[in-house]
>>> print(open('target.cif').read())   # mmCIF, C-alpha atoms
data_upload
loop_
_atom_site.label_atom_id
_atom_site.label_comp_id
_atom_site.auth_asym_id
_atom_site.auth_seq_id
_atom_site.Cartn_x
_atom_site.Cartn_y
_atom_site.Cartn_z
CA MET A 1 41.33 12.55 -15.41
CA LYS A 2 38.59 13.52 -12.95
CA CYS A 3 39.92 15.02 -9.74
CA SER A 4 38.60 17.41 -7.15
CA MET A 5 42.15 18.63 -6.83
CA GLU A 6 44.81 18.37 -9.50
CA ASN A 7 46.73 15.07 -9.57
CA GLU A 8 44.77 13.08 -7.00
CA ILE A 9 43.82 9.44 -7.36
CA ILE A 10 42.01 6.81 -5.29
CA LEU A 11 43.04 3.16 -5.30
CA ASP A 12 40.30 0.65 -4.58
CA SER A 13 40.84 -1.80 -1.74
CA CYS A 14 41.43 -4.60 -4.24
CA VAL A 15 44.47 -2.77 -5.64
CA TRP A 16 45.98 -2.34 -2.17
CA LEU A 17 45.22 -5.95 -1.23
CA SER A 18 46.81 -7.23 -4.44
CA PHE A 19 49.87 -5.08 -3.79
CA PHE A 20 50.37 -6.62 -0.35
CA SER A 21 49.66 -10.20 -1.51
CA PRO A 22 52.37 -11.68 -3.79
CA GLU A 23 50.15 -14.74 -4.35
CA ASP A 24 47.33 -12.58 -5.78
CA ARG A 25 46.76 -12.82 -9.54
CA ASN A 26 46.81 -9.00 -9.79
CA HIS A 27 49.91 -8.50 -7.61
CA LYS A 28 52.27 -7.66 -10.46
CA GLN A 29 49.82 -5.14 -11.93
CA ALA A 30 49.28 -3.54 -8.50
CA VAL A 31 53.03 -3.18 -7.99
CA GLU A 32 53.34 -1.55 -11.42
CA ILE A 33 50.51 0.86 -10.64
CA LEU A 34 52.05 1.93 -7.35
CA GLU A 35 55.53 2.25 -8.87
CA GLU A 36 54.33 4.34 -11.81
CA ILE A 37 51.75 6.47 -10.07
CA GLU A 38 52.47 10.18 -10.27
CA GLU A 39 49.26 11.42 -8.71
CA HIS A 40 48.78 12.11 -5.02
CA ILE A 41 47.07 9.07 -3.48
CA VAL A 42 43.88 9.84 -1.58
CA VAL A 43 42.74 7.12 0.81
CA PRO A 44 39.09 7.26 1.83
CA GLU A 45 38.69 6.17 5.44
CA ILE A 46 36.25 3.51 4.28
CA VAL A 47 38.95 1.99 2.01
CA PHE A 48 41.57 2.22 4.75
CA GLY A 49 39.30 0.32 7.14
CA GLU A 50 38.51 -2.37 4.59
CA VAL A 51 42.17 -2.95 3.66
CA VAL A 52 43.37 -3.08 7.28
CA THR A 53 40.54 -5.45 8.24
CA ILE A 54 41.13 -7.88 5.38
CA LEU A 55 44.92 -7.88 5.84
CA ARG A 56 44.45 -8.59 9.54
CA LEU A 57 41.96 -11.40 8.81
CA ARG A 58 44.59 -12.87 6.47
CA LYS A 59 47.09 -12.64 9.36
CA LYS A 60 49.32 -10.21 7.48
CA GLU A 61 50.32 -8.01 10.42
CA ASP A 62 53.54 -6.78 8.76
CA GLU A 63 51.51 -5.69 5.75
CA VAL A 64 49.01 -3.89 8.02
CA LYS A 65 51.92 -1.89 9.44
CA GLN A 66 53.36 -1.21 5.97
CA PHE A 67 49.99 0.00 4.69
CA TYR A 68 49.51 2.20 7.75
CA GLU A 69 52.98 3.74 7.36
CA LEU A 70 52.50 4.26 3.63
CA CYS A 71 49.17 5.99 4.17
CA MET A 72 50.44 8.14 7.02
CA GLY A 73 53.59 9.12 5.15
CA ALA A 74 52.51 9.82 1.62
CA SER A 75 48.76 9.91 1.37
CA MET A 76 45.82 12.03 2.36
CA PHE A 77 42.89 10.55 4.24
CA LEU A 78 39.47 11.42 2.93
CA PRO A 79 37.09 11.54 5.92
CA THR A 80 33.99 9.43 5.60
CA GLY A 81 31.65 12.17 6.87
CA ARG A 82 29.14 13.11 4.20
CA LEU A 83 30.35 10.33 1.91
CA LEU A 84 28.79 7.77 4.21
CA TRP A 85 25.48 9.63 4.13
CA ARG A 86 25.63 10.17 0.35
CA THR A 87 26.34 6.47 -0.18
CA ALA A 88 23.58 5.35 2.20
CA VAL A 89 21.03 7.51 0.38
CA ARG A 90 22.07 6.28 -3.07
CA TYR A 91 22.93 2.67 -2.25
CA PRO A 92 19.41 1.28 -2.79
CA HIS A 93 19.61 2.64 -6.36
CA ALA A 94 23.20 1.56 -7.07
CA PRO A 95 23.93 -1.36 -9.38
CA LYS A 96 22.96 -4.47 -7.39
CA LYS A 97 26.39 -6.11 -7.59
CA LEU A 98 28.24 -3.17 -6.01
CA SER A 99 29.29 -3.51 -2.38
CA PHE A 100 28.67 -0.52 -0.11
CA VAL A 101 32.36 0.46 -0.31
CA ASP A 102 32.31 0.16 -4.10
CA ALA A 103 29.18 2.30 -4.23
CA ALA A 104 31.08 4.95 -2.24
CA LEU A 105 33.96 4.74 -4.73
CA TYR A 106 31.47 5.02 -7.57
CA ILE A 107 30.25 8.29 -6.04
CA LEU A 108 33.84 9.50 -5.55
CA SER A 109 34.66 8.68 -9.17
CA LYS A 110 32.78 11.84 -10.13
CA GLU A 111 35.53 13.85 -8.41
CA TYR A 112 38.59 11.58 -8.48
CA GLU A 113 40.16 9.03 -10.75
CA VAL A 114 39.45 5.64 -9.18
CA VAL A 115 41.71 2.69 -10.02
CA THR A 116 40.20 -0.75 -9.48
CA PHE A 117 40.50 -4.36 -10.60
CA ASP A 118 36.82 -4.90 -9.77
CA LYS A 119 35.05 -5.50 -13.09
CA VAL A 120 31.61 -4.48 -11.83
CA LEU A 121 32.84 -1.19 -10.35
CA LYS A 122 35.00 -0.45 -13.39
CA LYS A 123 32.03 -1.05 -15.73
CA ALA A 124 29.73 1.14 -13.60
CA ILE A 125 32.24 4.00 -13.69
CA GLU A 126 32.79 3.62 -17.44
CA MET A 127 29.05 3.54 -18.19
CA ARG A 128 28.47 6.79 -16.33
CA SER A 129 31.33 8.59 -18.06
#
>>> encode(input="target.cif", output="structure tokens")
Amino acid sequence: MKCSMENEIILDSCVWLSFFSPEDRNHKQAVEILEEIEEHIVVPEIVFGEVVTILRLRKKEDEVKQFYELCMGASMFLPTGRLLWRTAVRYPHAPKKLSFVDAALYILSKEYEVVTFDKVLKKAIEMRS
């Protein structure tokens, strides 16, 4: 496992969104991941913003509150700071199918284990390893 600090992990937005959406095809897997996770969850600000925005657009206000409370209670925020700059510099050279947030997670995967259901991001991380 790749971590900047022992036992830290990042969950991609898609994992969080599946967890909070029982109708999602990956919901069961997301629940299992969150139930079995032993690592400390690190939440990049960029992921937090994406999850909150999408949940709100889906009119899932209770889930927004649950996510906020979960993050504030048990997780560590990873400030965007230099990550935003590092991603912006490298984004033009990132695999074309990666979103900006996924490109940031790709960069973070050098330091942290990143869990995702996104096939393109998963493949990019695996190819670099």
>>> atom_distance(input="target.cif", atom1="atom CA of Met72 of chain A", atom2="atom CA of Ile37 of chain A")
17.2 Å
>>> closest_atom_pairs(input="target.cif", of="segment 59-111 of chain A", to="segment 5-22 of chain A", cutoff="10 Å", atoms="all atoms listed in the file", output="JSON lines")
{"residue": "A:Lys60", "atom": "CA", "partner": "A:Phe20", "partner_atom": "CA", "distance": 8.7}
{"residue": "A:Asp62", "atom": "CA", "partner": "A:Phe20", "partner_atom": "CA", "distance": 9.6}
{"residue": "A:Glu63", "atom": "CA", "partner": "A:Phe20", "partner_atom": "CA", "distance": 6.3}
{"residue": "A:Val64", "atom": "CA", "partner": "A:Phe20", "partner_atom": "CA", "distance": 8.9}
{"residue": "A:Gln66", "atom": "CA", "partner": "A:Phe20", "partner_atom": "CA", "distance": 8.8}
{"residue": "A:Phe67", "atom": "CA", "partner": "A:Trp16", "partner_atom": "CA", "distance": 8.3}
{"residue": "A:Ser75", "atom": "CA", "partner": "A:Glu8", "partner_atom": "CA", "distance": 9.8}
{"residue": "A:Met76", "atom": "CA", "partner": "A:Glu8", "partner_atom": "CA", "distance": 9.5}
{"residue": "A:Leu78", "atom": "CA", "partner": "A:Ile10", "partner_atom": "CA", "distance": 9.8}
{"residue": "A:Val101", "atom": "CA", "partner": "A:Ser13", "partner_atom": "CA", "distance": 8.9}
{"residue": "A:Asp102", "atom": "CA", "partner": "A:Asp12", "partner_atom": "CA", "distance": 8.0}
{"residue": "A:Leu105", "atom": "CA", "partner": "A:Asp12", "partner_atom": "CA", "distance": 7.5}
{"residue": "A:Leu108", "atom": "CA", "partner": "A:Ile10", "partner_atom": "CA", "distance": 8.6}
{"residue": "A:Ser109", "atom": "CA", "partner": "A:Ile10", "partner_atom": "CA", "distance": 8.5}
{"residue": "A:Glu111", "atom": "CA", "partner": "A:Met5", "partner_atom": "CA", "distance": 8.3}
>>> atom_distance(input="target.cif", atom1="atom CA of Arg128 of chain A", atom2="atom CA of Glu50 of chain A")
24.9 Å
>>> resolve_selection(input="target.cif", expression="the PyMOL selection byres ((chain A and resi 52) around 9)", output="list of chain:residue names")
A:Val47, A:Phe48, A:Gly49, A:Glu50, A:Val51, A:Thr53, A:Ile54, A:Leu55, A:Arg56, A:Leu57, A:Glu63, A:Val64, A:Lys65, A:Phe67, A:Tyr68
>>> write_last_selection(input="target.cif", atoms="C-alpha atoms", output="PDB file, keeping the file's coordinate frame")
ATOM      1  CA  VAL A  47      38.950   1.990   2.010  1.00  0.00           C
ATOM      2  CA  PHE A  48      41.570   2.220   4.750  1.00  0.00           C
ATOM      3  CA  GLY A  49      39.300   0.320   7.140  1.00  0.00           C
ATOM      4  CA  GLU A  50      38.510  -2.370   4.590  1.00  0.00           C
ATOM      5  CA  VAL A  51      42.170  -2.950   3.660  1.00  0.00           C
ATOM      6  CA  THR A  53      40.540  -5.450   8.240  1.00  0.00           C
ATOM      7  CA  ILE A  54      41.130  -7.880   5.380  1.00  0.00           C
ATOM      8  CA  LEU A  55      44.920  -7.880   5.840  1.00  0.00           C
ATOM      9  CA  ARG A  56      44.450  -8.590   9.540  1.00  0.00           C
ATOM     10  CA  LEU A  57      41.960 -11.400   8.810  1.00  0.00           C
ATOM     11  CA  GLU A  63      51.510  -5.690   5.750  1.00  0.00           C
ATOM     12  CA  VAL A  64      49.010  -3.890   8.020  1.00  0.00           C
ATOM     13  CA  LYS A  65      51.920  -1.890   9.440  1.00  0.00           C
ATOM     14  CA  PHE A  67      49.990   0.000   4.690  1.00  0.00           C
ATOM     15  CA  TYR A  68      49.510   2.200   7.750  1.00  0.00           C
TER      16      TYR A  68
END
>>> closest_residue(input="target.cif", among="A:Leu121, A:Leu98, A:Val115, A:Ala104", to="Ile41 of chain A", atoms="all atoms listed in the file")
A:Val115
>>> atom_distance(input="target.cif", atom1="atom CA of Asn26 of chain A", atom2="atom CA of His93 of chain A")
29.8 Å
>>> closest_residue(input="target.cif", among="A:Thr87, A:Glu35, A:His27, A:Cys71", to="Ser99 of chain A", atoms="all atoms listed in the file")
A:Thr87
>>> decode(input="target.cif", residues="segment 87-127 of chain A", atoms="N, CA and C atoms", output="mmCIF file, in the first residue's frame")
data_model
loop_
_atom_site.group_PDB
_atom_site.id
_atom_site.type_symbol
_atom_site.label_atom_id
_atom_site.label_comp_id
_atom_site.auth_asym_id
_atom_site.auth_seq_id
_atom_site.Cartn_x
_atom_site.Cartn_y
_atom_site.Cartn_z
ATOM 1 N N THR A 87 -1.752 19.588 -10.243
ATOM 2 C CA THR A 87 -2.688 18.998 -11.203
ATOM 3 C C THR A 87 -2.806 19.880 -12.444
ATOM 4 N N ALA A 88 -2.908 21.182 -12.234
ATOM 5 C CA ALA A 88 -3.039 22.109 -13.366
ATOM 6 C C ALA A 88 -1.839 22.016 -14.301
ATOM 7 N N VAL A 89 -0.658 21.889 -13.735
ATOM 8 C CA VAL A 89 0.560 21.788 -14.548
ATOM 9 C C VAL A 89 0.593 20.479 -15.331
ATOM 10 N N ARG A 90 0.148 19.405 -14.709
ATOM 11 C CA ARG A 90 0.244 18.084 -15.344
ATOM 12 C C ARG A 90 -0.995 17.700 -16.156
ATOM 13 N N TYR A 91 -2.098 18.389 -15.943
ATOM 14 C CA TYR A 91 -3.355 17.981 -16.571
ATOM 15 C C TYR A 91 -3.287 17.905 -18.101
ATOM 16 N N PRO A 92 -2.625 18.847 -18.763
ATOM 17 C CA PRO A 92 -2.553 18.732 -20.233
ATOM 18 C C PRO A 92 -1.866 17.447 -20.704
ATOM 19 N N HIS A 93 -1.076 16.814 -19.834
ATOM 20 C CA HIS A 93 -0.346 15.607 -20.206
ATOM 21 C C HIS A 93 -0.971 14.345 -19.622
ATOM 22 N N ALA A 94 -2.059 14.506 -18.874
ATOM 23 C CA ALA A 94 -2.736 13.362 -18.254
ATOM 24 C C ALA A 94 -3.505 12.592 -19.315
ATOM 25 N N PRO A 95 -3.800 11.320 -19.033
ATOM 26 C CA PRO A 95 -4.642 10.579 -19.978
ATOM 27 C C PRO A 95 -5.911 11.378 -20.289
ATOM 28 N N LYS A 96 -6.273 11.451 -21.552
ATOM 29 C CA LYS A 96 -7.338 12.344 -22.022
ATOM 30 C C LYS A 96 -8.693 12.075 -21.380
ATOM 31 N N LYS A 97 -8.967 10.871 -20.943
ATOM 32 C CA LYS A 97 -10.273 10.555 -20.391
ATOM 33 C C LYS A 97 -10.384 10.856 -18.890
ATOM 34 N N LEU A 98 -9.316 11.319 -18.270
ATOM 35 C CA LEU A 98 -9.364 11.640 -16.844
ATOM 36 C C LEU A 98 -9.952 13.032 -16.627
ATOM 37 N N SER A 99 -10.892 13.134 -15.700
ATOM 38 C CA SER A 99 -11.384 14.454 -15.299
ATOM 39 C C SER A 99 -10.281 15.147 -14.502
ATOM 40 N N PHE A 100 -10.458 16.420 -14.242
ATOM 41 C CA PHE A 100 -9.463 17.161 -13.456
ATOM 42 C C PHE A 100 -9.321 16.561 -12.059
ATOM 43 N N VAL A 101 -10.457 16.232 -11.433
ATOM 44 C CA VAL A 101 -10.418 15.627 -10.089
ATOM 45 C C VAL A 101 -9.717 14.273 -10.147
ATOM 46 N N ASP A 102 -10.009 13.469 -11.150
ATOM 47 C CA ASP A 102 -9.344 12.177 -11.277
ATOM 48 C C ASP A 102 -7.847 12.338 -11.528
ATOM 49 N N ALA A 103 -7.470 13.359 -12.269
ATOM 50 C CA ALA A 103 -6.044 13.621 -12.475
ATOM 51 C C ALA A 103 -5.369 13.963 -11.140
ATOM 52 N N ALA A 104 -6.069 14.701 -10.286
ATOM 53 C CA ALA A 104 -5.536 15.015 -8.960
ATOM 54 C C ALA A 104 -5.380 13.731 -8.147
ATOM 55 N N LEU A 105 -6.357 12.843 -8.219
ATOM 56 C CA LEU A 105 -6.268 11.571 -7.493
ATOM 57 C C LEU A 105 -5.154 10.698 -8.057
ATOM 58 N N TYR A 106 -4.954 10.766 -9.354
ATOM 59 C CA TYR A 106 -3.851 10.044 -9.981
ATOM 60 C C TYR A 106 -2.522 10.517 -9.389
ATOM 61 N N ILE A 107 -2.371 11.814 -9.229
ATOM 62 C CA ILE A 107 -1.156 12.367 -8.623
ATOM 63 C C ILE A 107 -1.037 11.900 -7.173
ATOM 64 N N LEU A 108 -2.140 11.943 -6.440
ATOM 65 C CA LEU A 108 -2.120 11.524 -5.031
ATOM 66 C C LEU A 108 -1.861 10.033 -4.864
ATOM 67 N N SER A 109 -2.141 9.257 -5.901
ATOM 68 C CA SER A 109 -1.941 7.804 -5.798
ATOM 69 C C SER A 109 -0.473 7.427 -5.666
ATOM 70 N N LYS A 110 0.410 8.379 -5.894
ATOM 71 C CA LYS A 110 1.835 8.130 -5.657
ATOM 72 C C LYS A 110 2.142 8.087 -4.168
ATOM 73 N N GLU A 111 1.295 8.748 -3.366
ATOM 74 C CA GLU A 111 1.516 8.855 -1.927
ATOM 75 C C GLU A 111 0.495 8.091 -1.095
ATOM 76 N N TYR A 112 -0.685 7.870 -1.630
ATOM 77 C CA TYR A 112 -1.785 7.240 -0.899
ATOM 78 C C TYR A 112 -2.378 6.113 -1.725
ATOM 79 N N GLU A 113 -3.004 5.172 -1.041
ATOM 80 C CA GLU A 113 -3.826 4.204 -1.754
ATOM 81 C C GLU A 113 -5.112 4.924 -2.134
ATOM 82 N N VAL A 114 -5.510 4.825 -3.389
ATOM 83 C CA VAL A 114 -6.732 5.448 -3.878
ATOM 84 C C VAL A 114 -7.692 4.338 -4.300
ATOM 85 N N VAL A 115 -8.884 4.352 -3.717
ATOM 86 C CA VAL A 115 -9.916 3.370 -4.064
ATOM 87 C C VAL A 115 -10.932 4.051 -4.971
ATOM 88 N N THR A 116 -11.202 3.424 -6.110
ATOM 89 C CA THR A 116 -12.114 4.001 -7.098
ATOM 90 C C THR A 116 -12.865 2.908 -7.834
ATOM 91 N N PHE A 117 -14.039 3.246 -8.336
ATOM 92 C CA PHE A 117 -14.778 2.370 -9.248
ATOM 93 C C PHE A 117 -14.562 2.818 -10.688
ATOM 94 N N ASP A 118 -13.914 3.952 -10.875
ATOM 95 C CA ASP A 118 -13.683 4.536 -12.195
ATOM 96 C C ASP A 118 -12.636 3.697 -12.938
ATOM 97 N N LYS A 119 -13.057 3.076 -14.017
ATOM 98 C CA LYS A 119 -12.168 2.169 -14.754
ATOM 99 C C LYS A 119 -10.969 2.888 -15.360
ATOM 100 N N VAL A 120 -11.178 4.094 -15.857
ATOM 101 C CA VAL A 120 -10.087 4.838 -16.492
ATOM 102 C C VAL A 120 -9.038 5.228 -15.447
ATOM 103 N N LEU A 121 -9.491 5.751 -14.312
ATOM 104 C CA LEU A 121 -8.557 6.127 -13.248
ATOM 105 C C LEU A 121 -7.842 4.896 -12.701
ATOM 106 N N LYS A 122 -8.583 3.846 -12.473
ATOM 107 C CA LYS A 122 -7.990 2.604 -11.941
ATOM 108 C C LYS A 122 -6.904 2.083 -12.888
ATOM 109 N N LYS A 123 -7.190 2.084 -14.186
ATOM 110 C CA LYS A 123 -6.214 1.609 -15.176
ATOM 111 C C LYS A 123 -4.977 2.512 -15.202
ATOM 112 N N ALA A 124 -5.189 3.823 -15.133
ATOM 113 C CA ALA A 124 -4.053 4.759 -15.135
ATOM 114 C C ALA A 124 -3.155 4.522 -13.931
ATOM 115 N N ILE A 125 -3.751 4.311 -12.774
ATOM 116 C CA ILE A 125 -2.969 4.055 -11.556
ATOM 117 C C ILE A 125 -2.222 2.734 -11.680
ATOM 118 N N GLU A 126 -2.888 1.708 -12.167
ATOM 119 C CA GLU A 126 -2.260 0.390 -12.313
ATOM 120 C C GLU A 126 -1.121 0.420 -13.322
ATOM 121 N N MET A 127 -1.278 1.170 -14.407
ATOM 122 C CA MET A 127 -0.232 1.217 -15.437
ATOM 123 C C MET A 127 1.020 1.912 -14.931
#
